[in-house]
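Participant: I have a structure I would like to understand better, so I am pasting it below and will then ask my questions one at a time.
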Amino acid sequence: MKQSHLFAKTIRNISDDVKSVSHKLLLRGGFIFPVSAGIYALSPLGFRVFEKIKNIIRNDFDQFEAQEISMPIVHPARIWKQTGRFQDIGDELWKIKNREGEDFVLAMTHEEIAAYIAETIIKTYKDLPILVNQFQVKIRDELRARGGMLRAKEFLMQDAYSFDKDEKGMDESYEKFYESYGRIFKNLSLEAVPVEASGGVMGQGQSHEFMLISEAGEDKIAFCEQCGYKANIEVLANAKICQKCKIELKETSAVELGQTFKLGLKYSRSLNVKFKDSNGKDNIVYMGSYGIGIGRAMAAVAEIHNDEKGLVWPQALSPFAAHLISLGQNKESDRVYTALLKSGIDVLYDDRLDKTPGEKFTDADLMGMPFRIVISAKTAVNKKAEVKKRNENKVSIVSYAELNNILQ
RNA sequence: CGGGCUAUAGUGUAAUGGUAGCACGAGUCCUUUGGGAGGAUUUAGUCUGAGUUCAAAUCUCAGUAGCCCGACCA
């Protein structure tokens, strides 16, 4: 992609109201556009990061056959009334009416719809277990959107649902996602720690949150320094004492990156999701649900991986493999760009002739691609390229062939 | 949703009832071209609606939006 026509620009000035590091850097680097409080659009840069995150999740889910589906965002209120959540959830659930005056809700989560659909698919114990996953927009009329993408009113979420014939099966499915989440966060370069959590409006079953310890977080977790026990403080009784070690628990702020729930029969019972067992007898399906906020994950990465100059994307998440910068000429850099594209390397090419070197370097630092390649009149003479890693100061001069190898 | 605060150009600010100004940004042109370069020039604002007043950015009321604290938050 040529930067001269990229649908994203870095910005110098941002409002003092922008407080969190990730929000600031994502805005300055041109990754997101604010549209309304807690509502954001993605530039090609932000969009590419989203795709990287989604693919990391997909690749892991493929290992245990969590099947990707897509569910709607507009739900008839009827289904939410059946599970009781139409009434139980407060104003955070966004309610709308159609022209006939019928009630609908905007998806804040998809347990209802997943169960509603599963009811038509699941007939016999032979159909189970089933794991489904989707990446879909969630809409929550939050009282207070905060921290940019860390807490938005509309956000993309990976949400998966498991259907099993009994509690043991549910526990096994839960374990699969629990393990998977551990791997996924590692691949996202996020050190997430699982903690005991409350089910909240989802249900009362066992639940874990995957927490990134960070000042930017809104959650508080408690942990025992001796045995390593960790929990969201909302699940603790008044006594903030480790049950096992009898010592006081320490507290820290954290960002909730994902959460897993054992839903049990809560949704399947009210939506009548049944199957016949080997005796031909009706049983209720056990469900679980598992979610990761994609935008929040991107913000969390930005929150952690940066320096005073801007973002420093881990290679696996970077919108482009490299940032190619032309200085003083475009003739030779055009050739290098074309060659890199031909080799299948995804590169952002700063071909702007009216920008000074300083501005180009500053932009490259703000945007944070892992490799910066400079082609100038100086390097062109020798048919070499300058390569610098975003997180190092060292600059190497390499041949075009070597360049290809480094970026492959 | 409770409490507090704020609203002047894209951003940051000034004008304390009497001419809306400055800096940065952004646009154009020229010069410059290895770390947001220099010059010239242009652009753009009193959140909305009522009210008080000869006169309102300034005072009053309402609305809207944003920020902070709390509550809430699969």
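By convention here, the chains of the structure tokens are called A, B, ... in the order presented, each chain's residues are numbered starting at 1, and ligands are numbered starting at 1 in the order presented.
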Could you give me, as a list of chain:residue names, the residues within 7 Å of Gly328 of chain A, counting only C-alpha atoms (C1' of nucleotides) and dropping anything in the same chain fewer than 6 positions from it?
Facilitator: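 Final neighbour list, sorted by chain and number: A:Ser376, A:Ala377, B:U33.
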Participant: Please report as CSV every residue of chain B lying within 8 Å of chain A, along with the nearest atom pair and their distance in Å (one decimal), using only C-alpha atoms (C1' of nucleotides).
Facilitator:
residue,atom,partner,partner_atom,distance
B:U11,C1',A:Asn13,CA,5.2
B:G25,C1',A:Asn13,CA,7.0
B:U33,C1',A:Thr356,CA,5.5
B:G34,C1',A:Pro357,CA,6.0
B:G35,C1',A:Gly358,CA,3.8
B:G36,C1',A:Glu359,CA,4.6
B:A37,C1',A:Thr356,CA,7.7
B:C67,C1',A:Asp17,CA,6.7
B:C72,C1',A:Leu143,CA,7.7
B:C73,C1',A:Glu142,CA,7.6
B:A74,C1',A:Met202,CA,5.3
Participant: List the spatial neighbours of G17 of chain B as an MDAnalysis selection string - criterion: any atom at most 9 Å away, only C-alpha atoms (C1' of nucleotides), same-chain residues fewer than 5 positions off excluded.
Facilitator: chainID B and resid 53 55:56 58:59
Participant: Report, in Å to a single decimal, how far apart atom CA of Glu332 of chain A and atom CA of Leu407 of chain A are.
Facilitator: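 Spanning atom CA of Leu407 of chain A to atom CA of Glu332 of chain A is a straight-line distance of 18.5 Å.
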Participant: Identify all residues of segment 226-331 of chain A in strand (DSSP E or B) (DSSP on the backbone) and supply them as an NGL selection string.
Facilitator: :A and (230-232 or 241 or 248 or 250-264 or 274-276 or 282-284 or 286-293 or 306-307 or 310-311 or 322-327)
Participant: Report the distance between atom CA of Phe210 of chain A and atom CA of Met287 of chain A in Å, rounded to one decimal place.
Facilitator: 19.6 Å
